[in-house]
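Text of final10.tsv, listed as TSV, C-alpha atoms and all ligand atoms:
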chain	number	residue	atom	x	y	z
T	121	MET	CA	0.00	0.00	0.00
T	122	LYS	CA	1.33	3.39	-0.95
T	123	ILE	CA	0.03	6.93	-0.78
T	124	GLU	CA	0.59	9.02	-3.89
T	125	LEU	CA	1.12	12.77	-3.82
T	126	GLN	CA	-1.91	14.44	-5.35
T	127	SER	CA	-1.14	16.61	-8.36
T	128	LEU	CA	-1.50	20.34	-7.88
T	129	PRO	CA	-4.75	21.42	-9.57
T	130	TYR	CA	-2.94	24.35	-11.22
T	131	LYS	CA	0.57	25.52	-12.09
T	132	GLU	CA	2.87	26.57	-9.29
T	133	ASP	CA	2.73	30.22	-10.38
T	134	ALA	CA	-1.06	30.24	-10.73
T	135	LEU	CA	-1.80	31.75	-7.32
T	136	LYS	CA	0.34	34.85	-7.89
T	137	PRO	CA	0.23	37.50	-6.59
T	138	ALA	CA	-1.58	36.16	-3.52
T	139	ILE	CA	0.93	33.33	-3.10
T	140	SER	CA	4.27	33.33	-4.92
T	141	GLU	CA	5.51	30.52	-7.13
T	142	ARG	CA	8.39	29.98	-4.70
T	143	THR	CA	6.05	29.52	-1.75
T	144	VAL	CA	3.83	27.10	-3.66
T	145	HIS	CA	6.89	25.16	-4.86
T	146	ILE	CA	8.40	24.78	-1.40
T	147	HIS	CA	5.03	24.15	0.21
T	148	TYR	CA	4.07	21.46	-2.29
T	149	HIS	CA	7.40	19.79	-3.11
T	150	GLY	CA	8.92	20.37	0.28
T	151	HIS	CA	6.26	20.04	2.95
T	152	HIS	CA	3.40	18.20	1.28
T	153	GLN	CA	5.60	15.74	-0.59
T	154	SER	CA	7.67	15.15	2.52
T	155	TYR	CA	4.59	14.09	4.48
T	156	VAL	CA	3.75	11.61	1.73
T	157	GLU	CA	7.25	10.15	1.68
T	158	LYS	CA	7.38	9.85	5.46
T	159	LEU	CA	3.97	8.18	5.68
T	160	ASN	CA	4.92	5.71	2.98
T	161	LYS	CA	7.97	4.76	5.02
T	162	GLU	CA	5.69	4.15	7.98
T	163	LEU	CA	3.33	2.08	5.84
T	164	GLU	CA	6.27	0.00	4.64
T	165	LYS	CA	6.67	-1.10	8.24
T	166	THR	CA	3.14	-2.49	8.20
T	167	ARG	CA	4.19	-5.23	5.81
T	168	PRO	CA	4.76	-8.68	7.30
T	169	GLY	CA	7.72	-8.54	9.60
T	170	GLY	CA	7.51	-4.78	9.83
T	171	ASN	CA	7.55	-2.82	13.04
T	172	SER	CA	4.91	-0.14	13.13
T	173	GLU	CA	2.33	1.35	15.46
T	174	MET	CA	-0.04	0.71	12.55
T	175	ASN	CA	0.70	-2.94	11.89
T	176	SER	CA	-3.04	-3.58	11.64
T	177	VAL	CA	-3.44	-1.40	8.56
T	178	SER	CA	-4.65	-3.23	5.49
T	179	ALA	CA	-4.11	-2.52	1.84
T	180	SER	CA	-7.74	-1.58	1.40
T	181	GLU	CA	-7.73	1.20	3.97
T	182	SER	CA	-8.00	4.74	2.74
T	183	LEU	CA	-6.16	7.82	3.91
T	184	GLU	CA	-9.27	8.83	5.85
T	185	GLU	CA	-9.35	5.48	7.59
T	186	ILE	CA	-5.71	5.86	8.54
T	187	ILE	CA	-6.54	9.29	9.98
T	188	LEU	CA	-9.44	7.89	11.97
T	189	GLN	CA	-7.61	4.84	13.24
T	190	SER	CA	-4.11	6.07	13.94
T	191	VAL	CA	-2.42	8.16	16.58
T	192	GLY	CA	0.84	10.02	16.98
T	193	HIS	CA	3.29	10.27	14.11
T	194	VAL	CA	1.27	8.27	11.59
T	195	TYR	CA	-1.87	10.28	12.36
T	196	ASN	CA	-0.03	13.58	11.97
T	197	LEU	CA	1.46	12.56	8.63
T	198	ALA	CA	-1.80	11.21	7.22
T	199	ALA	CA	-3.75	14.23	8.40
T	200	GLN	CA	-1.23	16.65	6.94
T	201	ILE	CA	-1.38	14.92	3.57
T	202	TRP	CA	-5.17	15.15	3.58
T	203	ASN	CA	-5.15	18.74	4.82
T	204	HIS	CA	-2.76	19.92	2.13
T	205	SER	CA	-4.55	18.12	-0.70
T	206	PHE	CA	-7.76	19.75	0.47
T	207	TYR	CA	-6.14	23.17	0.84
T	208	TRP	CA	-4.87	23.20	-2.75
T	209	GLU	CA	-8.36	22.34	-3.96
T	210	CYS	CA	-9.85	25.17	-1.93
T	211	LEU	CA	-7.84	27.74	-3.88
T	212	SER	CA	-8.32	29.05	-7.39
T	213	PRO	CA	-6.05	30.95	-9.77
T	214	TYR	CA	-9.05	33.18	-10.43
T	215	GLU	CA	-10.90	35.62	-8.24
T	216	GLY	CA	-14.65	35.72	-7.99
T	217	SER	CA	-15.57	32.06	-7.72
T	218	PRO	CA	-19.30	32.02	-6.94
T	219	VAL	CA	-20.86	30.72	-3.73
T	220	SER	CA	-23.85	28.49	-4.47
T	221	ASP	CA	-27.32	29.68	-3.50
T	222	THR	CA	-27.64	26.82	-1.00
T	223	LEU	CA	-24.42	27.62	0.83
T	224	SER	CA	-25.12	31.34	0.60
T	225	ARG	CA	-28.47	30.82	2.34
T	226	ALA	CA	-26.82	28.73	5.06
T	227	ILE	CA	-24.20	31.42	5.64
T	228	ASP	CA	-26.94	34.06	5.81
T	229	ASN	CA	-29.01	32.03	8.27
T	230	GLU	CA	-26.25	30.67	10.47
T	231	MET	CA	-23.41	33.17	10.20
T	232	GLY	CA	-25.28	36.43	9.74
T	233	GLY	CA	-24.29	36.86	6.12
T	234	MET	CA	-21.13	36.66	4.04
T	235	GLU	CA	-19.55	39.81	5.41
T	236	LEU	CA	-19.88	38.75	9.03
T	237	PHE	CA	-18.80	35.22	8.19
T	238	HIS	CA	-15.71	36.62	6.44
T	239	ARG	CA	-14.85	38.74	9.47
T	240	GLN	CA	-15.32	35.83	11.87
T	241	PHE	CA	-13.22	33.52	9.73
T	242	ILE	CA	-10.34	36.02	9.54
T	243	GLU	CA	-10.53	36.69	13.28
T	244	THR	CA	-10.48	32.98	14.05
T	245	ALA	CA	-7.58	32.35	11.67
T	246	SER	CA	-5.62	35.29	13.07
T	247	SER	CA	-5.99	33.89	16.57
T	248	THR	CA	-4.10	30.73	15.61
T	249	PHE	CA	-1.32	30.22	18.13
T	250	GLY	CA	1.63	28.36	16.70
T	251	SER	CA	0.96	26.14	13.70
T	252	GLY	CA	-2.46	25.04	12.59
T	253	TRP	CA	-5.40	25.26	10.24
T	254	THR	CA	-8.61	27.26	10.07
T	255	TRP	CA	-11.66	25.47	8.73
T	256	LEU	CA	-15.25	25.95	7.76
T	257	VAL	CA	-16.90	22.67	8.68
T	258	LYS	CA	-20.33	21.12	8.86
T	259	ASP	CA	-21.11	19.39	12.13
T	260	GLU	CA	-23.23	16.29	12.78
T	261	ASN	CA	-26.37	18.44	12.82
T	262	GLY	CA	-25.54	19.99	9.49
T	263	SER	CA	-24.63	23.34	11.06
T	264	LEU	CA	-21.73	25.49	9.93
T	265	GLN	CA	-18.81	26.11	12.25
T	266	ILE	CA	-15.52	27.98	11.96
T	267	ILE	CA	-12.79	26.18	13.87
T	268	ASN	CA	-9.04	26.13	14.33
T	269	THR	CA	-7.08	22.91	14.62
T	270	HIS	CA	-3.57	22.69	16.01
T	271	ASP	CA	-0.61	21.32	14.12
T	272	GLY	CA	-1.88	18.71	11.65
T	273	ASP	CA	-5.12	17.90	13.41
T	274	ASN	CA	-7.96	17.09	11.02
T	275	PRO	CA	-11.68	17.76	11.71
T	276	LEU	CA	-12.57	14.22	10.59
T	277	SER	CA	-11.26	13.08	13.96
T	278	ASN	CA	-14.09	14.98	15.63
T	279	ASN	CA	-16.72	13.88	13.13
T	280	LEU	CA	-16.72	17.30	11.49
T	281	HIS	CA	-16.94	17.50	7.72
T	282	PRO	CA	-14.44	19.91	6.17
T	283	LEU	CA	-15.77	22.42	3.65
T	284	LEU	CA	-12.88	24.90	3.49
T	285	ALA	CA	-9.35	24.86	4.89
T	286	ILE	CA	-6.74	27.60	5.16
T	287	ASP	CA	-3.21	26.65	6.10
T	288	MET	CA	-2.02	28.85	8.96
T	289	TRP	CA	1.40	27.27	9.33
T	290	GLU	CA	4.05	29.92	8.73
T	291	HIS	CA	5.44	27.96	5.79
T	292	ALA	CA	2.21	28.82	3.92
T	293	PHE	CA	2.85	32.56	3.94
T	294	TYR	CA	6.13	33.57	5.60
T	295	LEU	CA	8.19	34.02	2.41
T	296	ASP	CA	5.55	36.33	0.96
T	297	TYR	CA	4.15	38.06	4.02
T	298	GLN	CA	6.64	37.39	6.84
T	299	THR	CA	4.57	37.81	10.02
T	300	GLN	CA	1.67	39.62	8.31
T	301	ASP	CA	-0.77	36.73	8.45
T	302	THR	CA	-3.77	39.05	8.12
T	303	GLU	CA	-2.44	40.27	4.77
T	304	TYR	CA	-2.05	36.65	3.63
T	305	LEU	CA	-5.62	35.97	4.69
T	306	SER	CA	-6.94	39.07	2.99
T	307	ARG	CA	-5.29	38.18	-0.33
T	308	ILE	CA	-6.05	34.50	-0.27
T	309	TRP	CA	-9.70	35.08	0.59
T	310	LYS	CA	-10.22	36.50	-2.90
T	311	GLN	CA	-8.99	33.26	-4.43
T	312	ILE	CA	-11.06	30.75	-2.53
T	313	ARG	CA	-12.73	28.33	-4.92
T	314	TRP	CA	-16.24	28.70	-3.53
T	315	GLU	CA	-17.57	26.29	-6.13
T	316	PHE	CA	-15.55	23.58	-4.39
T	317	VAL	CA	-16.62	24.73	-0.93
T	318	SER	CA	-20.26	24.81	-2.05
T	319	GLN	CA	-19.97	21.36	-3.57
T	320	ASN	CA	-18.54	20.08	-0.31
T	321	TYR	CA	-21.47	21.58	1.58
T	322	GLU	CA	-24.09	20.11	-0.71
T	323	THR	CA	-22.67	16.63	-1.18
T	324	PRO	CA	-23.20	14.03	1.54
T	325	PHE	CA	-19.81	13.48	3.06
T	326	SER	CA	-19.72	9.75	2.49
T	327	ASP	CA	-20.40	10.32	-1.20
T	328	ARG	CA	-17.83	13.07	-1.38
T	329	LEU	CA	-15.03	10.88	-0.12
T	330	GLN	CA	-15.75	8.28	-2.74
T	331	THR	CA	-16.67	10.34	-5.76
T	332	ASN	CA	-15.20	13.78	-5.39
T	333	ALA	CA	-12.67	13.96	-2.61
T	334	GLY	CA	-10.94	16.88	-4.21
T	335	LYS	CA	-10.81	14.84	-7.40
T	336	ASN	CA	-7.89	12.70	-6.29
T	337	LEU	CA	-7.83	13.45	-2.62
T	338	VAL	CA	-7.35	9.85	-1.74
T	339	ARG	CA	-5.43	7.92	-4.28
T	340	MET	CA	-4.13	4.59	-3.21
T	341	VAL	CA	-1.75	2.69	-5.42
T	342	GLY	CA	0.05	-0.60	-5.07
T	401	FE	FE	1.27	23.63	4.89

Would you write the structure of this file as structure tokens?
Amino acid sequence: MKIELQSLPYKEDALKPAISERTVHIHYHGHHQSYVEKLNKELEKTRPGGNSEMNSVSASESLEEIILQSVGHVYNLAAQIWNHSFYWECLSPYEGSPVSDTLSRAIDNEMGGMELFHRQFIETASSTFGSGWTWLVKDENGSLQIINTHDGDNPLSNNLHPLLAIDMWEHAFYLDYQTQDTEYLSRIWKQIRWEFVSQNYETPFSDRLQTNAGKNLVRMVG
């Protein structure tokens, strides 16, 4: 069993000027790819005779199942792979991606409208202490929530369905914005692919993992 690095859904310079080509290159080929390589080394240990905390993993298990069933180093690696694949899909080279009517109504009803939602999201993201992620999620009752997770923690672990993720680790913005995380958030907000976020909201999560999943979010080979 082997995890494959998901292809970027656009060229490395496509997010300029919000995110530089250099940042995308290092983020994708350095950090994201590194998580994949390290997890694959861990999964190698699950083969007969291997020595791993995950020696019960089977070849049929998906990345999500690894996230839900593992702890410690393996969990962190698997979650970070998932988080980054999802993050790339949440961004668009183009500004002005439309929010669907269904998600727009939910934001109006539950978040007080797009403007207030935007403000709350930025405030929550700016309050990140250390490394982490800011998410728009749907909870078990179908309600929207804005949450932060620390380090590589993934909302799936708390039965929350991710709709949107913004990477708040410094490696996501430091080269371009140094410590000005609010500037990073302001620029990147314009390039959120709301069509993807809306699709995530409207598709039952179980279906999404199998049929959409950020196109190739989970791609098992071998
Ligand atoms: Fe990252």

Self-check item: Two-atom distance - CA of Val219 (chain T), CA of Ala138 (chain T) (Å)
Solution: 20.0 Å

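Across T:Met234, T:Leu163, T:Cys210, T:Leu188, the tightest approach to Asn279 (chain T) is made by T:Leu188 when counting only C-alpha atoms.
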
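Considering only C-alpha atoms, the residue among T:Asn320, T:Thr302, T:Asn274, T:Ser182 positioned nearest to Thr244 (chain T) is T:Thr302.
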
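We find CA of Lys165 (chain T) and CA of His151 (chain T) to be spaced 21.8 Å apart.
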
Practice problem: Just the residues within 7 Å of region 190-205 of chain T, please, counting all atoms listed in the file, with nothing from its chain fewer than 5 positions along; format it as a PyMOL selection string. | Solution: chain T and resi 126+152+155-156+159+174+183+272-274+337

Self-check item: Surroundings of ligand FE 401 (chain T) up to 6 Å, based on all atoms listed in the file, as a ChimeraX atom specification
Solution: /T:287,289,292

Quiz prompt | Two-atom distance - CA of Ile227 (chain T), CA of Trp255 (chain T) (Å) | solution = 14.2 Å
